[in-house]
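Trainee: My structure file coords_29.csv, CSV, C-alpha atoms, is below:
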```csv
chain,number,residue,atom,x,y,z
A,1,MET,CA,88.3,143.7,179.5
A,2,ARG,CA,85.7,144.4,182.2
A,3,ALA,CA,83.7,146.6,179.8
A,4,ARG,CA,83.9,144.0,177.1
A,5,LEU,CA,82.6,141.3,179.4
A,6,SER,CA,79.7,143.6,180.3
A,7,ASP,CA,78.9,144.3,176.7
A,8,ILE,CA,79.0,140.6,175.8
A,9,ALA,CA,77.0,139.6,178.9
A,10,GLN,CA,74.3,142.2,178.1
A,11,GLN,CA,74.1,141.2,174.5
A,12,ALA,CA,73.8,137.5,175.4
A,13,GLU,CA,71.6,138.2,178.4
A,14,VAL,CA,73.8,136.1,180.7
A,15,SER,CA,76.1,136.9,183.6
A,16,GLU,CA,79.7,138.0,183.2
A,17,ALA,CA,80.8,134.9,184.9
A,18,THR,CA,79.1,132.8,182.3
A,19,VAL,CA,80.8,134.8,179.6
A,20,SER,CA,84.1,134.2,181.2
A,21,ARG,CA,83.6,130.5,181.4
A,22,VAL,CA,82.6,130.4,177.7
A,23,LEU,CA,85.6,132.5,176.6
A,24,ASN,CA,88.0,130.2,178.6
A,25,ASP,CA,86.2,127.1,177.1
A,26,ARG,CA,85.4,125.8,180.6
A,27,PRO,CA,82.7,123.1,181.2
A,28,GLY,CA,79.4,123.7,183.0
A,29,VAL,CA,77.7,125.9,180.4
A,30,ALA,CA,74.6,124.7,178.5
A,31,PRO,CA,75.1,124.4,174.7
A,32,GLU,CA,72.4,127.0,173.9
A,33,THR,CA,74.0,129.4,176.4
A,34,ARG,CA,77.5,128.9,175.0
A,35,GLN,CA,76.1,129.5,171.5
A,36,ALA,CA,74.3,132.7,172.7
A,37,VAL,CA,77.7,134.1,174.0
A,38,LEU,CA,79.5,133.2,170.8
A,39,THR,CA,76.7,134.9,168.8
A,40,ALA,CA,77.1,138.0,170.9
A,41,LEU,CA,80.8,138.0,170.1
A,42,ASP,CA,80.0,138.0,166.5
A,43,VAL,CA,77.3,140.6,166.7
A,44,LEU,CA,79.5,143.0,168.6
A,45,GLY,CA,82.4,142.5,166.2
A,46,TYR,CA,84.8,140.8,168.7
A,47,GLU,CA,87.1,138.2,167.4
A,48,ARG,CA,86.6,134.8,168.9
A,49,PRO,CA,89.5,133.4,170.9
A,50,ALA,CA,91.6,130.9,168.9
A,51,ARG,CA,90.5,128.0,171.0
A,52,LEU,CA,86.8,128.6,170.1
A,53,ARG,CA,87.3,129.0,166.3
A,54,LYS,CA,86.0,126.1,164.4
A,55,ARG,CA,88.9,124.5,162.6
A,56,SER,CA,88.4,123.6,159.0
A,57,ALA,CA,88.9,119.9,158.2
A,58,GLY,CA,90.1,120.8,154.8
A,59,LEU,CA,89.0,122.0,151.4
A,60,VAL,CA,86.7,119.9,149.2
A,61,GLY,CA,86.2,120.7,145.5
A,62,LEU,CA,82.7,120.8,144.0
A,63,VAL,CA,82.6,120.7,140.2
A,64,VAL,CA,79.2,121.4,138.7
A,65,PRO,CA,77.9,122.3,135.2
A,66,GLU,CA,76.7,125.8,134.3
A,67,LEU,CA,74.1,127.2,136.7
A,68,ASP,CA,71.6,128.1,134.0
A,69,ASN,CA,69.7,124.9,134.9
A,70,PRO,CA,68.2,125.5,138.4
A,71,ILE,CA,68.8,121.9,139.4
A,72,PHE,CA,72.6,122.4,139.6
A,73,PRO,CA,72.4,125.3,142.1
A,74,MET,CA,70.1,123.1,144.2
A,75,PHE,CA,72.7,120.4,144.3
A,76,ALA,CA,75.5,122.9,145.0
A,77,GLN,CA,73.6,124.5,147.9
A,78,VAL,CA,72.9,121.2,149.7
A,79,ILE,CA,76.4,119.8,149.1
A,80,GLU,CA,78.0,123.0,150.3
A,81,SER,CA,76.0,123.2,153.5
A,82,THR,CA,76.4,119.5,154.3
A,83,LEU,CA,80.2,119.8,153.8
A,84,ALA,CA,80.3,122.8,156.1
A,85,GLN,CA,78.4,120.9,158.8
A,86,SER,CA,81.2,118.2,158.6
A,87,GLY,CA,83.9,120.9,159.0
A,88,PHE,CA,85.0,121.1,155.4
A,89,THR,CA,85.3,124.2,153.3
A,90,PRO,CA,83.7,123.8,149.9
A,91,VAL,CA,85.3,125.2,146.8
A,92,LEU,CA,82.7,125.7,144.0
A,93,CYS,CA,83.9,125.3,140.4
A,94,THR,CA,81.2,126.2,137.8
A,95,GLN,CA,81.7,125.2,134.2
A,96,THR,CA,80.5,127.4,131.4
A,97,PRO,CA,80.6,126.9,127.6
A,98,GLY,CA,84.0,128.1,126.4
A,99,GLY,CA,85.2,128.7,129.9
A,100,VAL,CA,87.4,126.7,132.3
A,101,THR,CA,87.2,123.0,131.6
A,102,GLU,CA,86.6,120.2,134.2
A,103,ASP,CA,90.2,119.1,133.9
A,104,GLU,CA,91.5,122.7,134.4
A,105,TYR,CA,89.4,123.0,137.5
A,106,VAL,CA,90.7,119.7,138.8
A,107,GLU,CA,94.3,120.9,138.4
A,108,MET,CA,93.5,124.1,140.3
A,109,LEU,CA,91.9,122.0,143.1
A,110,LEU,CA,94.9,119.7,143.3
A,111,ASP,CA,97.2,122.8,143.6
A,112,ARG,CA,95.1,123.8,146.6
A,113,GLN,CA,95.5,120.3,148.1
A,114,VAL,CA,91.8,119.6,148.4
A,115,SER,CA,90.8,116.6,150.5
A,116,GLY,CA,88.4,115.3,147.9
A,117,ILE,CA,86.2,116.3,145.0
A,118,VAL,CA,82.4,115.9,144.2
A,119,PHE,CA,81.5,115.8,140.6
A,120,VAL,CA,77.9,116.6,139.6
A,121,SER,CA,76.9,115.6,136.0
A,122,GLY,CA,80.5,115.9,134.8
A,123,LEU,CA,82.5,114.0,132.2
A,124,HIS,CA,81.9,110.8,134.1
A,125,ALA,CA,78.3,110.9,132.7
A,126,ASP,CA,79.6,111.1,129.1
A,127,THR,CA,80.3,107.7,127.6
A,128,ALA,CA,82.4,109.4,124.9
A,129,ALA,CA,84.8,110.9,127.4
A,130,ASN,CA,88.1,109.4,128.6
A,131,HIS,CA,87.4,108.2,132.2
A,132,ASP,CA,91.1,107.5,132.9
A,133,ARG,CA,91.2,111.0,134.4
A,134,TYR,CA,89.1,109.7,137.4
A,135,ARG,CA,91.2,106.6,137.8
A,136,ALA,CA,94.3,108.8,138.0
A,137,LEU,CA,92.7,110.9,140.8
A,138,ILE,CA,91.9,107.8,142.7
A,139,ALA,CA,95.4,106.4,142.3
A,140,ARG,CA,96.9,109.6,143.9
A,141,PRO,CA,95.0,108.7,146.1
A,142,LEU,CA,92.2,111.3,146.2
A,143,PRO,CA,88.7,110.5,147.4
A,144,VAL,CA,86.0,111.4,144.7
A,145,VAL,CA,82.3,110.9,144.5
A,146,MET,CA,80.2,111.3,141.4
A,147,ILE,CA,76.6,112.3,141.0
A,148,ASN,CA,74.3,111.3,138.1
A,149,GLY,CA,76.4,109.2,135.7
A,150,TYR,CA,77.8,105.8,136.4
A,151,VAL,CA,81.1,104.5,135.1
A,152,PRO,CA,81.9,100.8,135.6
A,153,ASN,CA,85.3,99.7,136.9
A,154,ILE,CA,86.0,103.0,138.8
A,155,ALA,CA,86.6,102.5,142.5
A,156,ALA,CA,84.4,105.3,143.8
A,157,PRO,CA,80.9,105.9,145.1
A,158,PHE,CA,78.3,107.0,142.6
A,159,VAL,CA,75.0,108.6,143.5
A,160,SER,CA,72.2,108.7,140.8
A,161,CYS,CA,68.5,109.2,140.4
A,162,ASP,CA,66.9,106.2,138.7
A,163,ASP,CA,66.3,107.7,135.3
A,164,GLY,CA,64.9,104.6,133.8
A,165,GLU,CA,62.2,104.4,136.5
A,166,ALA,CA,61.5,108.1,136.1
A,167,ALA,CA,60.7,107.6,132.4
A,168,GLU,CA,58.5,104.6,133.1
A,169,LEU,CA,56.5,106.5,135.8
A,170,ALA,CA,56.1,109.5,133.4
A,171,VAL,CA,54.8,107.2,130.6
A,172,ALA,CA,52.5,105.4,133.0
A,173,HIS,CA,51.0,108.7,134.2
A,174,LEU,CA,50.2,109.8,130.6
A,175,VAL,CA,48.8,106.4,129.7
A,176,ALA,CA,46.5,106.6,132.7
A,177,LEU,CA,45.2,109.8,131.2
A,178,GLY,CA,44.4,108.1,127.9
A,179,HIS,CA,47.5,109.1,125.9
A,180,ARG,CA,49.0,106.5,123.5
A,181,ARG,CA,51.2,108.6,121.2
A,182,ILE,CA,53.7,109.7,123.8
A,183,GLY,CA,56.9,111.3,122.6
A,184,LEU,CA,60.3,111.4,124.4
A,185,ILE,CA,62.5,114.6,124.3
A,186,THR,CA,65.9,114.3,125.9
A,187,GLY,CA,69.5,115.1,125.4
A,188,PRO,CA,72.3,113.5,123.3
A,189,ASP,CA,72.5,109.7,123.7
A,190,ARG,CA,76.1,109.6,124.7
A,191,PHE,CA,75.2,110.5,128.3
A,192,VAL,CA,74.4,107.7,130.8
A,193,PRO,CA,71.2,109.3,132.2
A,194,VAL,CA,69.9,109.8,128.7
A,195,GLN,CA,70.5,106.2,127.8
A,196,ARG,CA,68.7,105.0,130.9
A,197,ARG,CA,65.8,107.4,130.2
A,198,VAL,CA,65.4,106.1,126.6
A,199,ALA,CA,65.5,102.5,127.8
A,200,GLY,CA,62.8,103.2,130.5
A,201,TRP,CA,60.6,105.1,128.0
A,202,ARG,CA,60.9,102.3,125.4
A,203,THR,CA,60.0,99.6,128.0
A,204,ALA,CA,57.0,101.5,129.3
A,205,MET,CA,55.7,102.4,125.8
A,206,THR,CA,56.0,98.8,124.7
A,207,ARG,CA,54.3,97.4,127.8
A,208,LEU,CA,51.7,100.1,128.4
A,209,ALA,CA,51.0,101.7,125.0
A,210,ASP,CA,51.5,98.7,122.7
A,211,ALA,CA,54.1,100.7,120.8
A,212,THR,CA,55.9,99.0,117.9
A,213,GLU,CA,59.5,99.4,117.0
A,214,LEU,CA,58.5,101.8,114.2
A,215,ASP,CA,56.5,103.9,116.7
A,216,LEU,CA,59.5,104.1,119.1
A,217,GLU,CA,61.8,105.3,116.3
A,218,GLU,CA,59.3,107.9,115.3
A,219,LEU,CA,58.4,109.2,118.7
A,220,ALA,CA,61.9,109.7,120.2
A,221,GLU,CA,63.7,113.0,119.7
A,222,LEU,CA,67.2,113.5,121.0
A,223,SER,CA,68.1,117.2,121.1
A,224,LEU,CA,70.3,119.7,123.0
A,225,PHE,CA,69.5,120.2,126.7
A,226,GLY,CA,67.7,123.5,127.4
A,227,VAL,CA,64.6,125.4,126.4
A,228,GLU,CA,65.6,125.8,122.7
A,229,GLY,CA,66.4,122.1,122.4
A,230,GLY,CA,63.1,121.1,123.9
A,231,GLU,CA,61.2,123.5,121.7
A,232,ALA,CA,62.8,122.2,118.5
A,233,ALA,CA,62.2,118.6,119.4
A,234,ALA,CA,58.6,119.2,120.5
A,235,GLY,CA,57.9,120.9,117.2
A,236,ARG,CA,58.9,117.8,115.2
A,237,LEU,CA,56.9,115.5,117.5
A,238,ILE,CA,53.8,117.7,117.3
A,239,GLU,CA,53.9,117.3,113.5
A,240,ARG,CA,53.8,113.5,114.1
A,241,GLY,CA,50.7,113.7,116.1
A,242,VAL,CA,51.8,113.2,119.7
A,243,THR,CA,49.4,114.1,122.5
A,244,GLY,CA,51.9,113.9,125.3
A,245,VAL,CA,55.7,114.2,125.7
A,246,VAL,CA,58.1,113.1,128.4
A,247,CYS,CA,61.1,115.5,128.7
A,248,GLY,CA,64.6,115.0,130.0
A,249,SER,CA,64.6,118.3,132.0
A,250,ASP,CA,62.2,120.9,133.2
A,251,LEU,CA,63.8,123.4,130.8
A,252,MET,CA,63.1,121.1,127.8
A,253,ALA,CA,59.5,120.8,129.0
A,254,LEU,CA,59.1,124.6,129.1
A,255,GLY,CA,60.5,124.6,125.5
A,256,ALA,CA,57.9,122.0,124.5
A,257,ILE,CA,55.1,124.1,125.9
A,258,ARG,CA,56.4,127.1,124.0
A,259,ALA,CA,56.4,125.0,120.8
A,260,ALA,CA,52.8,124.1,121.3
A,261,ARG,CA,51.8,127.7,121.8
A,262,GLN,CA,53.6,128.8,118.7
A,263,ARG,CA,51.3,126.4,116.8
A,264,GLY,CA,48.1,127.8,118.3
A,265,MET,CA,47.9,124.9,120.8
A,266,SER,CA,48.1,124.9,124.6
A,267,ALA,CA,49.2,122.6,127.4
A,268,PRO,CA,47.6,120.5,128.7
A,269,ARG,CA,44.5,120.9,126.4
A,270,ASP,CA,46.3,119.8,123.3
A,271,LEU,CA,49.7,118.6,124.5
A,272,SER,CA,50.4,117.1,127.9
A,273,VAL,CA,54.0,117.7,129.1
A,274,VAL,CA,56.1,116.0,131.8
A,275,GLY,CA,59.4,117.5,132.9
A,276,TYR,CA,62.3,116.1,134.9
A,277,ASP,CA,64.0,117.5,138.0
A,278,ASP,CA,61.3,119.6,139.8
A,279,SER,CA,63.6,122.5,139.9
A,280,PRO,CA,62.6,125.7,141.7
A,281,LEU,CA,59.6,127.7,140.4
A,282,MET,CA,58.2,124.8,138.3
A,283,ALA,CA,55.1,125.0,140.5
A,284,PHE,CA,54.6,128.6,139.4
A,285,THR,CA,54.9,128.3,135.6
A,286,ASP,CA,51.9,128.6,133.3
A,287,PRO,CA,50.7,125.9,133.5
A,288,PRO,CA,52.4,124.6,136.6
A,289,LEU,CA,54.6,121.8,135.4
A,290,THR,CA,54.0,118.1,136.0
A,291,THR,CA,57.5,116.7,136.5
A,292,MET,CA,59.6,113.9,137.9
A,293,ARG,CA,61.3,115.1,141.0
A,294,GLN,CA,64.9,114.2,141.7
A,295,PRO,CA,65.5,113.7,145.5
A,296,VAL,CA,68.3,116.3,145.5
A,297,ALA,CA,68.7,116.7,149.2
A,298,ALA,CA,68.9,113.0,149.9
A,299,MET,CA,71.3,112.4,147.0
A,300,ALA,CA,73.6,115.3,148.0
A,301,VAL,CA,73.7,114.3,151.6
A,302,ALA,CA,74.5,110.7,150.6
A,303,ALA,CA,77.3,111.9,148.3
A,304,VAL,CA,78.9,114.1,151.0
A,305,ARG,CA,78.7,111.3,153.7
A,306,ALA,CA,80.4,108.9,151.3
A,307,LEU,CA,83.1,111.4,150.5
A,308,VAL,CA,83.7,112.2,154.2
A,309,ASP,CA,84.0,108.5,155.0
A,310,GLU,CA,86.5,108.1,152.2
A,311,ILE,CA,88.5,111.1,153.5
A,312,ASN,CA,88.5,109.7,157.0
A,313,GLY,CA,89.8,106.3,155.8
A,314,HIS,CA,86.5,104.5,156.1
A,315,ALA,CA,86.0,103.3,152.5
A,316,ALA,CA,82.5,103.7,151.3
A,317,PRO,CA,81.1,101.0,149.0
A,318,HIS,CA,82.4,101.5,145.5
A,319,SER,CA,79.1,101.1,143.8
A,320,GLU,CA,76.1,103.1,142.6
A,321,TYR,CA,73.5,104.4,145.0
A,322,LEU,CA,70.2,104.7,143.1
A,323,PHE,CA,67.5,107.0,144.5
A,324,ARG,CA,63.9,106.8,143.4
A,325,PRO,CA,62.3,109.7,141.6
A,326,GLU,CA,58.9,111.1,142.6
A,327,LEU,CA,56.0,112.0,140.2
A,328,VAL,CA,54.7,115.4,141.0
A,329,VAL,CA,51.4,116.0,139.1
A,330,ARG,CA,50.5,119.6,138.4
A,331,GLY,CA,48.7,121.4,135.6
A,332,SER,CA,50.7,120.5,132.4
A,333,THR,CA,49.1,117.1,132.0
A,334,ALA,CA,45.4,116.2,131.5
A,335,VAL,CA,43.1,113.6,130.0
A,336,VAL,CA,43.7,113.2,126.3
A,337,ARG,CA,41.5,115.4,124.1
A,338,PRO,CA,38.5,113.3,122.8
A,339,ALA,CA,38.7,112.2,119.2
A,340,GLY,CA,36.7,114.4,116.9
A,341,THR,CA,37.6,117.8,118.3
A,342,THR,CA,39.1,120.1,115.8
A,343,PRO,CA,41.2,123.2,116.3
A,344,ALA,CA,39.6,126.5,115.7
A,345,PRO,CA,41.5,129.8,114.8
A,346,GLY,CA,43.6,131.2,117.6
A,347,GLY,CA,43.9,127.8,119.3
A,348,ALA,CA,40.3,127.5,120.5
A,349,ARG,CA,38.7,124.1,120.4
A,350,THR,CA,35.4,123.1,118.8
A,351,PRO,CA,33.6,120.3,120.7
A,352,ALA,CA,33.0,117.0,118.8
A,353,PRO,CA,29.5,116.2,117.5
A,354,GLY,CA,27.1,115.3,120.3
A,355,GLY,CA,28.4,117.9,122.7
A,356,ALA,CA,31.4,115.8,123.9
A,357,ARG,CA,33.6,117.9,126.1
A,358,GLN,CA,37.1,117.4,127.4
A,359,ARG,CA,37.2,116.3,131.0
A,360,PRO,CA,38.9,118.8,133.3
A,361,ALA,CA,42.6,118.3,134.3
A,362,PRO,CA,43.1,116.3,137.5
A,363,PRO,CA,43.8,118.3,140.6
A,364,THR,CA,47.4,119.0,141.7
A,365,LEU,CA,48.8,116.3,143.9
A,366,VAL,CA,52.1,114.6,144.6
A,367,VAL,CA,52.2,110.8,144.0
A,368,PRO,CA,55.1,109.1,145.9
A,369,ALA,CA,57.3,106.9,143.8
```
Please lay out the structure from this file as structure tokens.

Mentor:
Amino acid sequence: MRARLSDIAQQAEVSEATVSRVLNDRPGVAPETRQAVLTALDVLGYERPARLRKRSAGLVGLVVPELDNPIFPMFAQVIESTLAQSGFTPVLCTQTPGGVTEDEYVEMLLDRQVSGIVFVSGLHADTAANHDRYRALIARPLPVVMINGYVPNIAAPFVSCDDGEAAELAVAHLVALGHRRIGLITGPDRFVPVQRRVAGWRTAMTRLADATELDLEELAELSLFGVEGGEAAAGRLIERGVTGVVCGSDLMALGAIRAARQRGMSAPRDLSVVGYDDSPLMAFTDPPLTTMRQPVAAMAVAAVRALVDEINGHAAPHSEYLFRPELVVRGSTAVVRPAGTTPAPGGARTPAPGGARQRPAPPTLVVPA
């Protein structure tokens, strides 16, 4: 034991007496010194005494969609770390097409006697799904919190980004750049966030771009989420003469840029594109993507705090917490191309008569919501 104390003291750069006090969980040791000794134990491969091991407050399930969209790993990472800080052990359940379903994951989590579950963009966001599954969980009772997708008459906390405001801000940004024919590309309309995005886009287009009902019908394209869905929808909108598009995800926005390039066009010279999420690497795409940023960290922390309160018997408000999005302006949006310029072979542009030239794209900046 003497040699072990020496090794630990040397590694932690403290006295053996200090090591002894920490190992016996006695007072009189500064927190940073105590942590240095515990770190030395871990580094040297010694098992911590039972009294010093951090006890888990229980398991918490985290159900997220497939991780192909980078926004979902972002949510998972923040939620997992925040749960761990509260003493809970997260159990990550990732859905994939044709794989384990949300209901099957829930059954597995119940078998493991989890203390609660966080659902991210799950079936609660689908208006066509049966939401009695969540009412049954709450009746057990089991604390649940849901992110992005509100369901009325369910006694649980909901955390969402304000999708309607996001669409309005995106349209306002493009209108300020001179665009009027602004298309909307988003997912199937059975999802709550999609419905809110469509409503926000329609409101902004009517108020800011003088769009008629016929315009709104012509300029909205609901497609599959993902690059391919964005590409297909953008192709149809380009044929209808849009100069800018607001997309329901960053991946759909990348698909829209690809559709423009396949037609000899480029972004933002011929088509301004706004994404949604501000997922990792969007600042490094070509061009860097203008997008609506979800406040992922704030949303995830709020969801975990609400769940922990529920688990500890302090009921959180059973309502929806709405978080404001943030417009991040980068290189995929620019002033609308002046009337009279015509496409040249290979996508090059010919200036309009009189030497009119397109103004350069605005510099990169972040505009707070």

Trainee: Out of A:Met299, A:Leu142, A:Leu251, A:Ala40, which residue has the shortest atom-to-atom distance to Leu110 in chain A when counting all atoms listed in the file?

Mentor: A:Leu142

Trainee: One decimal, Å: what's the distance from CA of Asp163 in chain A over to CA of Val106 in chain A, could you say?

Mentor: 27.4 Å

Trainee: Quote the spacing between CA of Tyr321 in chain A and CA of Ala283 in chain A in Å to one decimal place.

Mentor: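 According to the coordinates, CA of Tyr321 in chain A and CA of Ala283 in chain A are separated by 28.0 Å.
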
Trainee: Which residues are near Arg48 in chain A? Cut-off 12 Å, only C-alpha atoms, ignore same chain within fewer than 5 positions. Put them as a PyMOL selection string.

Mentor: chain A and resi 8+22-25+37-43+53-54

Trainee: Next, write the just-selected residues to a file, as a compact mmCIF listing (two decimals), in the coordinates of the input, keeping C-alpha atoms as the atom set.

Mentor:
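After the write, part_12.txt holds the following:
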```txt
# COMPACT_ATOMS: atom_id res chain seq x y z
CA ILE A 8 79.00 140.60 175.80
CA VAL A 22 82.60 130.40 177.70
CA LEU A 23 85.60 132.50 176.60
CA ASN A 24 88.00 130.20 178.60
CA ASP A 25 86.20 127.10 177.10
CA VAL A 37 77.70 134.10 174.00
CA LEU A 38 79.50 133.20 170.80
CA THR A 39 76.70 134.90 168.80
CA ALA A 40 77.10 138.00 170.90
CA LEU A 41 80.80 138.00 170.10
CA ASP A 42 80.00 138.00 166.50
CA VAL A 43 77.30 140.60 166.70
CA ARG A 53 87.30 129.00 166.30
CA LYS A 54 86.00 126.10 164.40
```

Trainee: With all atoms listed in the file as the basis for distance, which of A:Asp7, A:Asp210, A:Asp250, A:Asp270 is at the shortest distance from Gly230 in chain A?

Mentor: A:Asp250

Trainee: Suppose you want the space between CA of Val60 in chain A and CA of Arg293 in chain A; what is it in Å?

Mentor: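 Between CA of Val60 in chain A and CA of Arg293 in chain A the gap works out to 27.1 Å.
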
Trainee: Counting all atoms listed in the file, which of A:Leu67, A:Ala167, A:Val19, A:Leu289 gets nearest to Pro97 in chain A?

Mentor: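 Looking only at the distances to Pro97 in chain A, the closest residue turns out to be A:Leu67.
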
Trainee: Name the closest residue to Gly331 in chain A among the candidates A:Gly99, A:Gly275, A:Gly229, A:Gly116; distances are taken between atoms, counting only C-alpha atoms.

Mentor: A:Gly275

Trainee: Would you pick out the contacts of Pro90 in chain A at 10 Å or less, using all atoms listed in the file, so that residues sharing its chain but fewer than 2 positions from it are not included, and give the list as a list in words?

Mentor: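 Near neighbours after the sequence-gap exclusion: Gly58, Leu59, Val60, Gly61, Leu62, Ala76, Ile79, Glu80, Ser81, Thr82, Leu83, Ala84, Gly87, Phe88, Leu92, Cys93, Val114, Gly116, Ile117 and Val118 of chain A.
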
Trainee: Can I get the selected residues back with C-alpha atoms, as an mmCIF file, in the frame of the given file?

Mentor:
```
data_model
loop_
_atom_site.group_PDB
_atom_site.id
_atom_site.type_symbol
_atom_site.label_atom_id
_atom_site.label_comp_id
_atom_site.auth_asym_id
_atom_site.auth_seq_id
_atom_site.Cartn_x
_atom_site.Cartn_y
_atom_site.Cartn_z
ATOM 1 C CA GLY A 58 90.100 120.800 154.800
ATOM 2 C CA LEU A 59 89.000 122.000 151.400
ATOM 3 C CA VAL A 60 86.700 119.900 149.200
ATOM 4 C CA GLY A 61 86.200 120.700 145.500
ATOM 5 C CA LEU A 62 82.700 120.800 144.000
ATOM 6 C CA ALA A 76 75.500 122.900 145.000
ATOM 7 C CA ILE A 79 76.400 119.800 149.100
ATOM 8 C CA GLU A 80 78.000 123.000 150.300
ATOM 9 C CA SER A 81 76.000 123.200 153.500
ATOM 10 C CA THR A 82 76.400 119.500 154.300
ATOM 11 C CA LEU A 83 80.200 119.800 153.800
ATOM 12 C CA ALA A 84 80.300 122.800 156.100
ATOM 13 C CA GLY A 87 83.900 120.900 159.000
ATOM 14 C CA PHE A 88 85.000 121.100 155.400
ATOM 15 C CA LEU A 92 82.700 125.700 144.000
ATOM 16 C CA CYS A 93 83.900 125.300 140.400
ATOM 17 C CA VAL A 114 91.800 119.600 148.400
ATOM 18 C CA GLY A 116 88.400 115.300 147.900
ATOM 19 C CA ILE A 117 86.200 116.300 145.000
ATOM 20 C CA VAL A 118 82.400 115.900 144.200
#
```

Trainee: If we count all atoms listed in the file and set the cut-off at 8 Å, which residues sit around Ile311 in chain A, ignoring sequence neighbours fewer than 4 positions away in its own chain? Please answer as a PyMOL selection string.

Mentor: chain A and resi 115-116+143+307

Trainee: Would you mind telling me which residue in A:Val192, A:Ile138, A:Ala199, A:Val242 lies nearest to Arg337 in chain A when using all atoms listed in the file?

Mentor: A:Val242

Trainee: Name the residues, using the chain letters and numbers of the file, that sit within 9 Å of (58.1, 122.9, 116.1) when counting all atoms listed in the file, and give them as a list of chain:residue names.

Mentor: A:Glu231, A:Ala232, A:Ala233, A:Ala234, A:Gly235, A:Arg236, A:Leu237, A:Ile238, A:Glu239, A:Ala256, A:Ala259, A:Ala260, A:Gln262, A:Arg263

Trainee: For Ala166 in chain A, find every residue with an atom within 8 Å (counting all atoms listed in the file), except residues of its own chain fewer than 4 positions away, and show them as a list in words.

Mentor: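 Counting all atoms listed in the file, the residues come to Asp162, Ala170, Arg197, Gly200, Met292, Arg324, Pro325, Glu326 and Leu327 of chain A.
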
Trainee: Go through A:Asn69, A:Pro287, A:Ser15, A:Gln77 and flag the residue nearest Ser266 in chain A, using all atoms listed in the file for the distances.

Mentor: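 Of all the options, A:Pro287 lies closest to Ser266 in chain A.
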
Trainee: Find the residues near Pro70 in chain A: any atom within 10 Å, counting all atoms listed in the file, skip ones fewer than 2 places away on the same chain, and give them as a ChimeraX atom specification.

Mentor: /A:66-68,72-75,250-251,277-281

Trainee: So which residues fall inside 12 Å of (46.6, 116.4, 119.0) if we count only C-alpha atoms? Mind giving them as a VMD selection string?

Mentor: chain A and resid 179 to 182 237 to 245 260 263 to 272 335 to 343 347 349
